[in-house]
Structures are given as structure tokens and as C-alpha cells.
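Visitor: I'm passing along query-v3.pdb; it holds PDB, C-alpha atoms and all ligand atoms.
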```pdb
ATOM      1  CA  MET A   1      74.125 -40.127 -46.128
ATOM      2  CA  ALA A   2      77.420 -41.750 -47.117
ATOM      3  CA  ASN A   3      80.207 -41.586 -44.575
ATOM      4  CA  LYS A   4      83.574 -39.855 -44.859
ATOM      5  CA  ASP A   5      85.317 -43.085 -45.989
ATOM      6  CA  ASP A   6      82.907 -43.393 -48.927
ATOM      7  CA  ALA A   7      83.627 -39.798 -49.828
ATOM      8  CA  ALA A   8      87.382 -40.331 -49.637
ATOM      9  CA  ALA A   9      87.126 -43.488 -51.786
ATOM     10  CA  ALA A  10      85.037 -41.680 -54.384
ATOM     11  CA  ALA A  11      87.461 -38.799 -54.504
ATOM     12  CA  ALA A  12      90.401 -41.184 -54.878
ATOM     13  CA  ALA A  13      88.640 -43.069 -57.685
ATOM     14  CA  ALA A  14      87.942 -39.937 -59.690
ATOM     15  CA  THR A  15      90.476 -38.953 -62.318
ATOM     16  CA  GLU A  16      91.714 -35.423 -62.971
ATOM     17  CA  THR A  17      90.528 -34.228 -59.603
ATOM     18  CA  THR A  18      91.941 -31.855 -57.058
ATOM     19  CA  ARG A  19      91.866 -33.333 -53.594
ATOM     20  CA  GLU A  20      91.537 -30.868 -50.796
ATOM     21  CA  GLU A  21      91.588 -31.247 -47.051
ATOM     22  CA  GLU A  22      88.177 -31.422 -45.447
ATOM     23  CA  SER A  23      86.442 -28.077 -45.084
ATOM     24  CA  PRO A  24      83.775 -27.177 -42.500
ATOM     25  CA  THR A  25      81.342 -26.288 -45.303
ATOM     26  CA  GLU A  26      81.689 -29.675 -46.971
ATOM     27  CA  TYR A  27      78.595 -31.028 -45.232
ATOM     28  CA  LYS A  28      76.474 -28.040 -46.297
ATOM     29  CA  THR A  29      74.629 -29.790 -49.086
ATOM     30  CA  HIS A  30      71.288 -31.415 -49.766
ATOM     31  CA  LEU A  31      72.747 -33.945 -52.166
ATOM     32  CA  LYS A  32      71.906 -37.526 -51.199
ATOM     33  CA  SER A  33      75.499 -38.487 -50.579
ATOM     34  CA  HIS A  34      78.511 -36.706 -49.257
ATOM     35  CA  ALA A  35      80.567 -38.635 -51.815
ATOM     36  CA  LEU A  36      78.642 -36.947 -54.617
ATOM     37  CA  PHE A  37      79.298 -33.507 -53.150
ATOM     38  CA  LYS A  38      83.002 -34.340 -52.835
ATOM     39  CA  TYR A  39      82.933 -35.540 -56.432
ATOM     40  CA  ILE A  40      81.523 -32.191 -57.625
ATOM     41  CA  LEU A  41      84.041 -30.216 -55.595
ATOM     42  CA  ASN A  42      87.036 -32.314 -56.611
ATOM     43  CA  THR A  43      86.068 -32.665 -60.267
ATOM     44  CA  SER A  44      84.510 -29.358 -61.258
ATOM     45  CA  VAL A  45      85.133 -26.789 -58.551
ATOM     46  CA  TYR A  46      88.584 -27.075 -56.975
ATOM     47  CA  PRO A  47      90.480 -27.656 -60.248
ATOM     48  CA  ARG A  48      88.973 -24.410 -61.638
ATOM     49  CA  GLU A  49      89.284 -22.397 -58.448
ATOM     50  CA  ALA A  50      91.291 -19.165 -58.734
ATOM     51  CA  PRO A  51      94.354 -19.216 -56.424
ATOM     52  CA  CYS A  52      93.040 -16.169 -54.522
ATOM     53  CA  MET A  53      89.713 -17.949 -53.900
ATOM     54  CA  LYS A  54      91.582 -20.953 -52.581
ATOM     55  CA  GLU A  55      93.685 -18.736 -50.326
ATOM     56  CA  LEU A  56      90.639 -17.011 -48.862
ATOM     57  CA  ARG A  57      88.816 -20.338 -48.504
ATOM     58  CA  ARG A  58      91.743 -21.681 -46.507
ATOM     59  CA  ILE A  59      91.777 -18.588 -44.249
ATOM     60  CA  THR A  60      88.006 -18.813 -43.763
ATOM     61  CA  GLU A  61      88.130 -22.543 -42.939
ATOM     62  CA  LYS A  62      90.399 -21.789 -40.006
ATOM     63  CA  HIS A  63      87.909 -19.284 -38.551
ATOM     64  CA  PRO A  64      85.918 -20.744 -35.624
ATOM     65  CA  TRP A  65      82.713 -19.884 -37.555
ATOM     66  CA  GLY A  66      84.114 -21.162 -40.868
ATOM     67  CA  VAL A  67      81.000 -23.244 -41.476
ATOM     68  CA  ILE A  68      78.905 -20.111 -42.111
ATOM     69  CA  ALA A  69      80.833 -19.299 -45.284
ATOM     70  CA  THR A  70      79.257 -19.910 -48.666
ATOM     71  CA  THR A  71      80.267 -23.240 -50.242
ATOM     72  CA  PRO A  72      82.809 -23.337 -53.125
ATOM     73  CA  ASP A  73      80.298 -24.766 -55.626
ATOM     74  CA  GLU A  74      77.811 -22.032 -54.733
ATOM     75  CA  VAL A  75      80.273 -19.185 -55.271
ATOM     76  CA  GLN A  76      81.297 -20.793 -58.559
ATOM     77  CA  PHE A  77      77.621 -20.703 -59.575
ATOM     78  CA  ILE A  78      77.177 -17.079 -58.452
ATOM     79  CA  GLY A  79      80.254 -16.039 -60.445
ATOM     80  CA  MET A  80      78.868 -17.693 -63.575
ATOM     81  CA  LEU A  81      75.422 -16.128 -63.048
ATOM     82  CA  LEU A  82      76.916 -12.641 -62.687
ATOM     83  CA  LYS A  83      78.823 -13.076 -65.944
ATOM     84  CA  LEU A  84      75.752 -14.413 -67.755
ATOM     85  CA  MET A  85      73.827 -11.348 -66.583
ATOM     86  CA  ASN A  86      76.647  -8.944 -67.465
ATOM     87  CA  ALA A  87      76.202  -7.638 -63.940
ATOM     88  CA  LYS A  88      78.046  -4.449 -63.114
ATOM     89  CA  LYS A  89      76.479  -3.104 -59.930
ATOM     90  CA  THR A  90      75.716  -5.498 -57.075
ATOM     91  CA  MET A  91      75.093  -5.589 -53.343
ATOM     92  CA  GLU A  92      76.019  -8.199 -50.751
ATOM     93  CA  ILE A  93      74.330  -8.301 -47.353
ATOM     94  CA  GLY A  94      76.460 -10.498 -45.063
ATOM     95  CA  VAL A  95      80.160 -10.487 -45.946
ATOM     96  CA  PHE A  96      81.892 -12.446 -43.136
ATOM     97  CA  THR A  97      85.512 -12.903 -44.350
ATOM     98  CA  GLY A  98      84.642 -11.873 -47.908
ATOM     99  CA  TYR A  99      84.627 -15.278 -49.612
ATOM    100  CA  SER A 100      81.460 -14.800 -51.708
ATOM    101  CA  LEU A 101      82.393 -11.121 -52.035
ATOM    102  CA  LEU A 102      85.729 -11.995 -53.660
ATOM    103  CA  ALA A 103      83.961 -14.393 -56.065
ATOM    104  CA  THR A 104      81.593 -11.547 -56.971
ATOM    105  CA  ALA A 105      84.397  -9.022 -57.393
ATOM    106  CA  LEU A 106      86.262 -11.425 -59.705
ATOM    107  CA  ALA A 107      83.143 -11.899 -61.849
ATOM    108  CA  LEU A 108      82.412  -8.189 -62.357
ATOM    109  CA  PRO A 109      84.116  -6.020 -64.974
ATOM    110  CA  ASP A 110      86.919  -3.707 -63.877
ATOM    111  CA  ASP A 111      84.485  -0.797 -63.403
ATOM    112  CA  GLY A 112      82.028  -2.996 -61.474
ATOM    113  CA  GLN A 113      80.731  -1.871 -58.087
ATOM    114  CA  ILE A 114      79.738  -3.894 -55.015
ATOM    115  CA  LEU A 115      78.088  -2.395 -51.979
ATOM    116  CA  ALA A 116      79.111  -4.799 -49.202
ATOM    117  CA  LEU A 117      77.291  -4.613 -45.848
ATOM    118  CA  ASP A 118      78.169  -6.332 -42.603
ATOM    119  CA  ILE A 119      77.972  -5.505 -38.902
ATOM    120  CA  ASN A 120      81.460  -6.943 -38.390
ATOM    121  CA  ARG A 121      84.534  -5.407 -40.045
ATOM    122  CA  GLN A 122      86.955  -7.613 -38.106
ATOM    123  CA  ASN A 123      86.050 -10.739 -40.083
ATOM    124  CA  TYR A 124      86.192  -8.809 -43.360
ATOM    125  CA  SER A 125      89.681  -7.610 -42.436
ATOM    126  CA  LEU A 126      90.839 -11.268 -42.596
ATOM    127  CA  GLY A 127      89.901 -11.495 -46.261
ATOM    128  CA  LEU A 128      90.741  -7.950 -47.306
ATOM    129  CA  PRO A 129      94.479  -8.542 -47.905
ATOM    130  CA  VAL A 130      93.619 -11.398 -50.295
ATOM    131  CA  ILE A 131      91.039  -9.210 -52.049
ATOM    132  CA  GLN A 132      93.610  -6.423 -52.379
ATOM    133  CA  LYS A 133      96.259  -8.810 -53.693
ATOM    134  CA  ALA A 134      93.745 -10.083 -56.274
ATOM    135  CA  GLY A 135      93.438  -6.509 -57.587
ATOM    136  CA  VAL A 136      89.670  -6.206 -57.110
ATOM    137  CA  ALA A 137      89.370  -4.163 -53.886
ATOM    138  CA  HIS A 138      88.590  -1.005 -55.900
ATOM    139  CA  LYS A 139      85.215  -2.525 -56.855
ATOM    140  CA  ILE A 140      84.128  -2.894 -53.207
ATOM    141  CA  ASP A 141      82.441  -0.305 -50.995
ATOM    142  CA  PHE A 142      82.380  -2.048 -47.592
ATOM    143  CA  ARG A 143      80.186  -0.457 -44.930
ATOM    144  CA  GLU A 144      80.194  -1.657 -41.364
ATOM    145  CA  GLY A 145      76.826  -1.681 -39.613
ATOM    146  CA  PRO A 146      73.342  -3.153 -39.909
ATOM    147  CA  ALA A 147      72.067  -3.396 -43.468
ATOM    148  CA  MET A 148      68.541  -2.073 -42.891
ATOM    149  CA  PRO A 149      69.379   1.625 -42.347
ATOM    150  CA  VAL A 150      71.600   1.549 -45.439
ATOM    151  CA  LEU A 151      68.773   0.075 -47.497
ATOM    152  CA  ASP A 152      66.329   2.643 -46.101
ATOM    153  CA  GLN A 153      68.701   5.431 -47.021
ATOM    154  CA  LEU A 154      69.145   4.034 -50.537
ATOM    155  CA  VAL A 155      65.394   3.705 -51.208
ATOM    156  CA  SER A 156      64.813   7.261 -49.943
ATOM    157  CA  LYS A 157      66.640   8.578 -53.002
ATOM    158  CA  GLU A 158      64.951   8.139 -56.361
ATOM    159  CA  GLU A 159      68.268   7.948 -58.209
ATOM    160  CA  ASN A 160      69.183   4.652 -56.466
ATOM    161  CA  LYS A 161      66.002   2.856 -57.499
ATOM    162  CA  GLY A 162      66.323   0.153 -60.139
ATOM    163  CA  THR A 163      70.108   0.509 -60.327
ATOM    164  CA  PHE A 164      71.384  -2.805 -58.934
ATOM    165  CA  ASP A 165      71.823  -5.805 -61.228
ATOM    166  CA  PHE A 166      72.216  -8.382 -58.469
ATOM    167  CA  VAL A 167      71.844  -8.596 -54.689
ATOM    168  CA  PHE A 168      73.116 -11.514 -52.576
ATOM    169  CA  VAL A 169      71.411 -11.748 -49.194
ATOM    170  CA  ASP A 170      73.286 -13.885 -46.671
ATOM    171  CA  ALA A 171      72.905 -12.232 -43.261
ATOM    172  CA  ASP A 172      70.273 -12.005 -40.500
ATOM    173  CA  LYS A 173      67.615 -14.462 -41.650
ATOM    174  CA  GLU A 174      64.705 -12.878 -39.768
ATOM    175  CA  ASN A 175      65.140  -9.702 -41.805
ATOM    176  CA  TYR A 176      65.193 -11.316 -45.270
ATOM    177  CA  ILE A 177      61.495 -10.637 -45.726
ATOM    178  CA  HIS A 178      61.954  -6.972 -44.756
ATOM    179  CA  TYR A 179      65.042  -6.620 -46.969
ATOM    180  CA  HIS A 180      62.961  -8.009 -49.819
ATOM    181  CA  GLU A 181      60.600  -5.001 -49.942
ATOM    182  CA  ARG A 182      63.512  -2.570 -50.072
ATOM    183  CA  ILE A 183      65.708  -4.584 -52.430
ATOM    184  CA  LEU A 184      62.883  -4.973 -54.946
ATOM    185  CA  GLN A 185      62.924  -1.206 -55.335
ATOM    186  CA  LEU A 186      66.703  -1.080 -55.715
ATOM    187  CA  VAL A 187      67.216  -3.944 -58.165
ATOM    188  CA  ARG A 188      66.448  -3.218 -61.815
ATOM    189  CA  VAL A 189      63.613  -4.915 -63.678
ATOM    190  CA  GLY A 190      65.246  -8.149 -64.905
ATOM    191  CA  GLY A 191      67.781  -8.004 -62.083
ATOM    192  CA  VAL A 192      68.185 -10.832 -59.574
ATOM    193  CA  VAL A 193      68.004 -11.106 -55.794
ATOM    194  CA  ALA A 194      69.511 -14.296 -54.336
ATOM    195  CA  TYR A 195      68.533 -15.406 -50.825
ATOM    196  CA  ASP A 196      70.862 -17.914 -49.177
ATOM    197  CA  ASN A 197      70.059 -20.790 -46.781
ATOM    198  CA  THR A 198      66.415 -20.998 -47.815
ATOM    199  CA  LEU A 199      66.281 -24.768 -47.139
ATOM    200  CA  TRP A 200      67.753 -24.278 -43.661
ATOM    201  CA  CYS A 201      69.486 -27.652 -43.135
ATOM    202  CA  GLY A 202      66.538 -29.348 -44.842
ATOM    203  CA  SER A 203      64.407 -28.498 -41.816
ATOM    204  CA  VAL A 204      61.783 -26.649 -43.899
ATOM    205  CA  ALA A 205      60.475 -30.097 -44.911
ATOM    206  CA  PRO A 206      61.660 -32.766 -42.454
ATOM    207  CA  SER A 207      61.047 -36.385 -43.370
ATOM    208  CA  PRO A 208      60.542 -39.211 -40.848
ATOM    209  CA  GLU A 209      63.818 -40.885 -41.916
ATOM    210  CA  ASP A 210      65.863 -37.765 -41.204
ATOM    211  CA  GLU A 211      67.989 -37.736 -38.116
ATOM    212  CA  PRO A 212      66.424 -35.164 -35.775
ATOM    213  CA  LEU A 213      68.256 -31.840 -35.854
ATOM    214  CA  PRO A 214      69.360 -30.229 -32.587
ATOM    215  CA  PRO A 215      67.011 -27.425 -31.454
ATOM    216  CA  GLU A 216      69.625 -24.744 -32.224
ATOM    217  CA  ALA A 217      69.652 -25.871 -35.859
ATOM    218  CA  LEU A 218      65.901 -25.263 -36.063
ATOM    219  CA  VAL A 219      66.042 -21.654 -34.933
ATOM    220  CA  TYR A 220      65.261 -20.206 -38.379
ATOM    221  CA  THR A 221      63.094 -23.025 -39.713
ATOM    222  CA  GLU A 222      59.803 -21.111 -39.337
ATOM    223  CA  THR A 223      61.460 -17.952 -40.649
ATOM    224  CA  MET A 224      62.544 -19.727 -43.814
ATOM    225  CA  ILE A 225      59.189 -21.488 -44.250
ATOM    226  CA  ASN A 226      57.455 -18.106 -44.057
ATOM    227  CA  LEU A 227      59.970 -16.490 -46.412
ATOM    228  CA  ASN A 228      59.667 -19.298 -48.976
ATOM    229  CA  ARG A 229      55.870 -19.052 -48.858
ATOM    230  CA  ALA A 230      55.960 -15.261 -49.258
ATOM    231  CA  LEU A 231      58.416 -15.370 -52.164
ATOM    232  CA  ALA A 232      56.401 -18.066 -53.935
ATOM    233  CA  ALA A 233      53.310 -15.856 -53.672
ATOM    234  CA  ASP A 234      55.020 -12.624 -54.776
ATOM    235  CA  PRO A 235      53.770 -11.660 -58.262
ATOM    236  CA  ARG A 236      56.557  -9.090 -58.704
ATOM    237  CA  ILE A 237      59.201 -11.784 -59.138
ATOM    238  CA  GLU A 238      59.974 -14.897 -61.111
ATOM    239  CA  LEU A 239      61.452 -17.477 -58.758
ATOM    240  CA  SER A 240      63.794 -20.459 -58.783
ATOM    241  CA  GLN A 241      64.565 -22.447 -55.642
ATOM    242  CA  LEU A 242      67.941 -24.113 -56.048
ATOM    243  CA  SER A 243      69.018 -26.959 -53.774
ATOM    244  CA  ILE A 244      72.693 -26.012 -54.071
ATOM    245  CA  ALA A 245      74.496 -25.701 -50.702
ATOM    246  CA  ASP A 246      71.849 -24.925 -48.040
ATOM    247  CA  GLY A 247      69.339 -23.695 -50.619
ATOM    248  CA  LEU A 248      69.567 -20.579 -52.748
ATOM    249  CA  THR A 249      66.444 -18.828 -53.985
ATOM    250  CA  LEU A 250      66.814 -16.691 -57.092
ATOM    251  CA  CYS A 251      64.213 -13.959 -57.585
ATOM    252  CA  ARG A 252      64.112 -12.088 -60.897
ATOM    253  CA  ARG A 253      62.284  -8.770 -60.736
ATOM    254  CA  LEU A 254      59.452  -8.708 -63.259
ATOM    255  CA  TYR A 255      58.143  -5.130 -62.932
TER     256      TYR A 255
HETATM  257  N1  LIG B   1      78.489 -14.363 -47.532
HETATM  258  C1  LIG B   1      79.493 -14.736 -46.548
HETATM  259  C2  LIG B   1      80.493 -15.738 -47.128
HETATM  260  O1  LIG B   1      80.353 -16.179 -48.250
HETATM  261  O2  LIG B   1      81.404 -16.135 -46.423
HETATM  262  C3  LIG B   1      78.871 -15.331 -45.320
HETATM  263  C4  LIG B   1      78.017 -14.383 -44.543
HETATM  264  S1  LIG B   1      77.622 -14.994 -42.940
HETATM  265  C5  LIG B   1      76.580 -16.358 -43.266
HETATM  266  C6  LIG B   1      76.490 -13.813 -42.295
HETATM  267  C7  LIG B   1      77.073 -12.444 -42.027
HETATM  268  O3  LIG B   1      75.984 -11.539 -41.804
HETATM  269  C8  LIG B   1      77.967 -12.346 -40.808
HETATM  270  O4  LIG B   1      79.260 -11.919 -41.190
HETATM  271  C9  LIG B   1      77.286 -11.303 -39.908
HETATM  272  O5  LIG B   1      78.192 -10.437 -39.262
HETATM  273  C10 LIG B   1      76.427 -10.547 -40.910
HETATM  274  N2  LIG B   1      75.242  -9.881 -40.356
HETATM  275  C11 LIG B   1      74.427 -10.324 -39.366
HETATM  276  N3  LIG B   1      73.448  -9.439 -39.133
HETATM  277  C12 LIG B   1      73.623  -8.422 -40.012
HETATM  278  C13 LIG B   1      72.929  -7.208 -40.278
HETATM  279  N4  LIG B   1      71.843  -6.862 -39.589
HETATM  280  N5  LIG B   1      73.392  -6.400 -41.251
HETATM  281  C14 LIG B   1      74.500  -6.733 -41.962
HETATM  282  N6  LIG B   1      75.198  -7.865 -41.750
HETATM  283  C15 LIG B   1      74.771  -8.696 -40.786
HETATM  284 CA    CA B   2      74.841 -18.602 -46.145
END
```
With the file now loaded, output its structure as C-alpha cells.
Ligand code: SAM
Ligand code: CA

Guide:
Amino acid sequence: MANKDDAAAAAAAATETTREEESPTEYKTHLKSHALFKYILNTSVYPREAPCMKELRRITEKHPWGVIATTPDEVQFIGMLLKLMNAKKTMEIGVFTGYSLLATALALPDDGQILALDINRQNYSLGLPVIQKAGVAHKIDFREGPAMPVLDQLVSKEENKGTFDFVFVDADKENYIHYHERILQLVRVGGVVAYDNTLWCGSVAPSPEDEPLPPEALVYTETMINLNRALAADPRIELSQLSIADGLTLCRRLY
């Protein structure tokens, strides 16, 4: 992987770019070089970034766990996908400060609805003022607590089934596979479920040349390997594994 100096030189050489200070998520990529990731951010992402997204990104970067936020190129992609789908009703499992949530809220129409689930309201409260200022807070129904009971409650009522256009899953990795069974009932046929971090630092397929990852980085490697295998074998969905950020798997419900 190229070093930081290479990345800085590449960014300086690019024209019409927006240079930003280094962010903790800037190394969350599977691109071959960091310079290339910086190039994408500086050329195509930061110059098009809404001021409110930049403000919330800056707030999130200062958080001690800032690295767990979704990357700017990934939220740009999610926003585009939601618009392409004409999505109106979505769910997000794992909100943190609300960075991907704000991108979602901006992409939905004014009467769009997002059910946002997280066990921690304190982190969400950091992003909420920015979300309010952006004029999209009315689209968000934030619920504090574990996602599973909420999903169970939703699937227990027939009227909720097949009503969600899009679900972004970015929370407790060991439960992704259990969320999947519930979400597939809640998302409409043709709707999309997106699972984040499915390449788990590249550890799902280590190569001999890779620098060994510290044991704590491998904690969800088996979980993700099992999830990826299960999704690939699931006939109810069409699947696309993207290598953006730390891996994003799109599942389109077929029936
Ligand atoms: N999507 C966010 C963003 O773009 O910044 C990042 C989410 S962060 C990777 C994961 C979040 O999942 C944390 O905020 C954590 O509190 C939340 N979480 C963990 N376990 C959860 C659970 N069982 N139910 C709901 N949220 C959970
Ligand atoms: Ca993530």
C-alpha cells in the first residue's frame, strides 16, 4: 500500500480537487493504494459533499471511535442508490453519530421515512443538531435499544411485511445472519438490504503478502465468512458484493 506522502502528492497533483484533513476512515478501503482512495475522495466525493454532510463528518472524525463511521464514498454511493430506487421507506441498524443516516435522509423525498435503530442515543445526539439544521429530522424515527426486538415486533404484524424499500445493516456483526431472516420479510420484493463490512479488513481472504492483522481485528472474520457463504447460497436474493470501503453486500429480494 502506498504511504501517506504518496497520497498527499497524488492529491496535490490532481486538479479541481477538494483537499481535506486526514480522516480516521481514510484507510478503510480495499483499493490497492491509499493514493487512489484519496484521489476518489478529493476528486469525486468531497467537492460534491453537502455542507451538512461535511459538518457531521468533521464532528464524527473527532469522536474517539470515529473510525467506525461509514466512509464518505460509501455514503455517496448509498445516496445515489436510494435515489435510483426511488426509495421512500428505509431502515438503518447501527446509527452511531448519524453520518450514513443523514446521507439517507437527504436522499429520500420529503415524505420519506427512516426507522433508525441503535443501542446508544448519546452518539446520535452528537449528529442530531446537524440533522435538524439540514431540515430532514422529520423523516427519522430513532429508537434506542437493541435492533432484534424491534425487528421481531415488526415481523409479528402482517401490515409491516414487504413495506421497506431499503435496509442498511451496520451494527452487531454476529447478528447480521439473524437480522437477515427478519429483514427479508420486511423489505419489499425488489427492495434492497445492504450489509456493511462484509470483507472485514480483507481478513475473509488473507493473502501471504498481507501484513498480519492484530488478533482484535480478526474478531469477526469467521462471522463474515459464514455470512458471505450464507448470502451467496440464499435463493431468495440476488447479490452483489462491492469492495467499496470495508465491503458492502447488496441483496435484492427476489420473492
Ligand atoms: N452507520 C453508522 C455511520 O455511518 O456512522 C455507523 C454505525 S457503527 C459501525 C455501529 C453501531 O451499531 C454503533 O453505534 C452501536 O451502538 C450500534 N449497535 C451495536 N449493537 C447494536 C444492536 N444490537 N442493536 C442496534 N444497534 C447496535
Ligand atoms: Ca460499517

Visitor: Considering all atoms listed in the file, state which residue in the set A:Tyr39, A:Tyr179, A:Tyr255, A:Tyr99 is at the smallest distance from ligand CA 2 (chain B).

Guide: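 For ligand CA 2 (chain B), the nearest of the given residues is A:Tyr99.
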
Visitor: Determine, counting all atoms listed in the file, which protein, DNA and RNA residues have an atom within 9 Å of an atom of A:Glu26; residues of the same chain fewer than 4 positions away are not included. Present the result as a ChimeraX atom specification.

Guide: /A:22,34,37-38,41,67,71-72

Visitor: Mind working out the centre and edge lengths of an axis-aligned box for stretch 218-231 of chain A, all listed atoms inside, 6 Å added to each side, rounded to one decimal in Å and written as AutoDock Vina command-line options?

Guide:
```
--center_x 61.0 --center_y -20.3 --center_z -43.5 --size_x 22.2 --size_y 22.0 --size_z 29.2
```

Visitor: Can you turn the PyMOL selection byres (((not hetatm)) within 7 of (chain B and resi 2)) into a concrete residue list for this file, as a ChimeraX atom specification?

Guide: /A:68-70,170,196-197

Visitor: Under the rule of at most 8 Å, produce a per-residue listing of chain A near ligand LIG 1 (chain B): chain, number, name, the closest pair of atoms, and the distance in Å, as JSON lines, using all atoms listed in the file.

Guide:
```
{"residue": "A:Thr60", "atom": "CA", "partner": "B:LIG1", "partner_atom": "O2", "distance": 7.6}
{"residue": "A:Gly66", "atom": "CA", "partner": "B:LIG1", "partner_atom": "O2", "distance": 8.0}
{"residue": "A:Ile68", "atom": "CA", "partner": "B:LIG1", "partner_atom": "C5", "distance": 4.6}
{"residue": "A:Ala69", "atom": "CA", "partner": "B:LIG1", "partner_atom": "O2", "distance": 3.4}
{"residue": "A:Thr70", "atom": "CA", "partner": "B:LIG1", "partner_atom": "O1", "distance": 3.9}
{"residue": "A:Thr71", "atom": "CA", "partner": "B:LIG1", "partner_atom": "O1", "distance": 7.3}
{"residue": "A:Val75", "atom": "CA", "partner": "B:LIG1", "partner_atom": "O1", "distance": 7.6}
{"residue": "A:Glu92", "atom": "CA", "partner": "B:LIG1", "partner_atom": "N1", "distance": 7.4}
{"residue": "A:Ile93", "atom": "CA", "partner": "B:LIG1", "partner_atom": "C14", "distance": 5.6}
{"residue": "A:Gly94", "atom": "CA", "partner": "B:LIG1", "partner_atom": "O3", "distance": 3.5}
{"residue": "A:Val95", "atom": "CA", "partner": "B:LIG1", "partner_atom": "C1", "distance": 4.3}
{"residue": "A:Phe96", "atom": "CA", "partner": "B:LIG1", "partner_atom": "O4", "distance": 3.3}
{"residue": "A:Thr97", "atom": "CA", "partner": "B:LIG1", "partner_atom": "O2", "distance": 5.6}
{"residue": "A:Gly98", "atom": "CA", "partner": "B:LIG1", "partner_atom": "O2", "distance": 5.6}
{"residue": "A:Tyr99", "atom": "CA", "partner": "B:LIG1", "partner_atom": "O1", "distance": 4.6}
{"residue": "A:Ser100", "atom": "CA", "partner": "B:LIG1", "partner_atom": "O1", "distance": 3.9}
{"residue": "A:Leu101", "atom": "CA", "partner": "B:LIG1", "partner_atom": "O1", "distance": 6.6}
{"residue": "A:Leu117", "atom": "CA", "partner": "B:LIG1", "partner_atom": "C14", "distance": 5.2}
{"residue": "A:Asp118", "atom": "CA", "partner": "B:LIG1", "partner_atom": "N6", "distance": 3.5}
{"residue": "A:Ile119", "atom": "CA", "partner": "B:LIG1", "partner_atom": "N6", "distance": 4.6}
{"residue": "A:Asn120", "atom": "CA", "partner": "B:LIG1", "partner_atom": "O5", "distance": 4.9}
{"residue": "A:Asn123", "atom": "CA", "partner": "B:LIG1", "partner_atom": "O4", "distance": 7.0}
{"residue": "A:Tyr124", "atom": "CA", "partner": "B:LIG1", "partner_atom": "O4", "distance": 7.9}
{"residue": "A:Glu144", "atom": "CA", "partner": "B:LIG1", "partner_atom": "C14", "distance": 7.7}
{"residue": "A:Gly145", "atom": "CA", "partner": "B:LIG1", "partner_atom": "C14", "distance": 6.0}
{"residue": "A:Pro146", "atom": "CA", "partner": "B:LIG1", "partner_atom": "N5", "distance": 3.5}
{"residue": "A:Ala147", "atom": "CA", "partner": "B:LIG1", "partner_atom": "N5", "distance": 4.0}
{"residue": "A:Met148", "atom": "CA", "partner": "B:LIG1", "partner_atom": "N4", "distance": 6.7}
{"residue": "A:Phe168", "atom": "CA", "partner": "B:LIG1", "partner_atom": "N1", "distance": 7.9}
{"residue": "A:Val169", "atom": "CA", "partner": "B:LIG1", "partner_atom": "N1", "distance": 7.7}
{"residue": "A:Asp170", "atom": "CA", "partner": "B:LIG1", "partner_atom": "C4", "distance": 5.2}
{"residue": "A:Ala171", "atom": "CA", "partner": "B:LIG1", "partner_atom": "O3", "distance": 3.5}
{"residue": "A:Asp172", "atom": "CA", "partner": "B:LIG1", "partner_atom": "N3", "distance": 4.3}
{"residue": "A:Asn175", "atom": "CA", "partner": "B:LIG1", "partner_atom": "N4", "distance": 7.6}
```

Visitor: List the residues matched by the PyMOL selection byres (((chain A and resi 78) around 12) and not hetatm) in the displayed structure as number ranges by chain, ordered by chain and then by residue number.

Guide: A: 70-77, 79-85, 87, 90, 92, 99-108, 166-168, 192-196, 242, 244-245, 248-250

Visitor: Go through A:Arg182, A:Arg229, A:His63, A:Lys133 and flag the residue nearest A:Phe164, using all atoms listed in the file for the distances.

Guide: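 When distances to A:Phe164 are compared using all atoms listed in the file, the smallest one comes from A:Arg182.
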
Visitor: Skip A:Gly202 itself and residues of its chain fewer than 6 positions away, then list as a PDB file with C-alpha atoms, in the coordinates of the input all residues within 10 Å of it, counting only C-alpha atoms.

Guide:
```pdb
ATOM      1  CA  THR A  29      74.629 -29.790 -49.086  1.00  0.00           C
ATOM      2  CA  HIS A  30      71.288 -31.415 -49.766  1.00  0.00           C
ATOM      3  CA  ASP A 210      65.863 -37.765 -41.204  1.00  0.00           C
ATOM      4  CA  LEU A 213      68.256 -31.840 -35.854  1.00  0.00           C
ATOM      5  CA  LEU A 218      65.901 -25.263 -36.063  1.00  0.00           C
ATOM      6  CA  THR A 221      63.094 -23.025 -39.713  1.00  0.00           C
ATOM      7  CA  SER A 243      69.018 -26.959 -53.774  1.00  0.00           C
ATOM      8  CA  ASP A 246      71.849 -24.925 -48.040  1.00  0.00           C
ATOM      9  CA  GLY A 247      69.339 -23.695 -50.619  1.00  0.00           C
TER      10      GLY A 247
END
```

Visitor: Between atom CA of A:Gln113 and atom CA of A:Leu184, what distance in Å does the model show, to one decimal?

Guide: 18.4 Å

Visitor: Which neighbours of A:Asp111 fall inside 10 Å, counting all atoms listed in the file, when residues of the same chain fewer than 6 positions from it are skipped, and could you give them as a list in words?

Guide: Lys88, Lys89, Val136, His138 and Lys139 of chain A

Visitor: Need the neighbours of (80.9, -2.3, -47.3): which residues are at most 8 Å away, counting all atoms listed in the file, as a VMD selection string?

Guide: chain A and resid 114 to 118 140 to 144
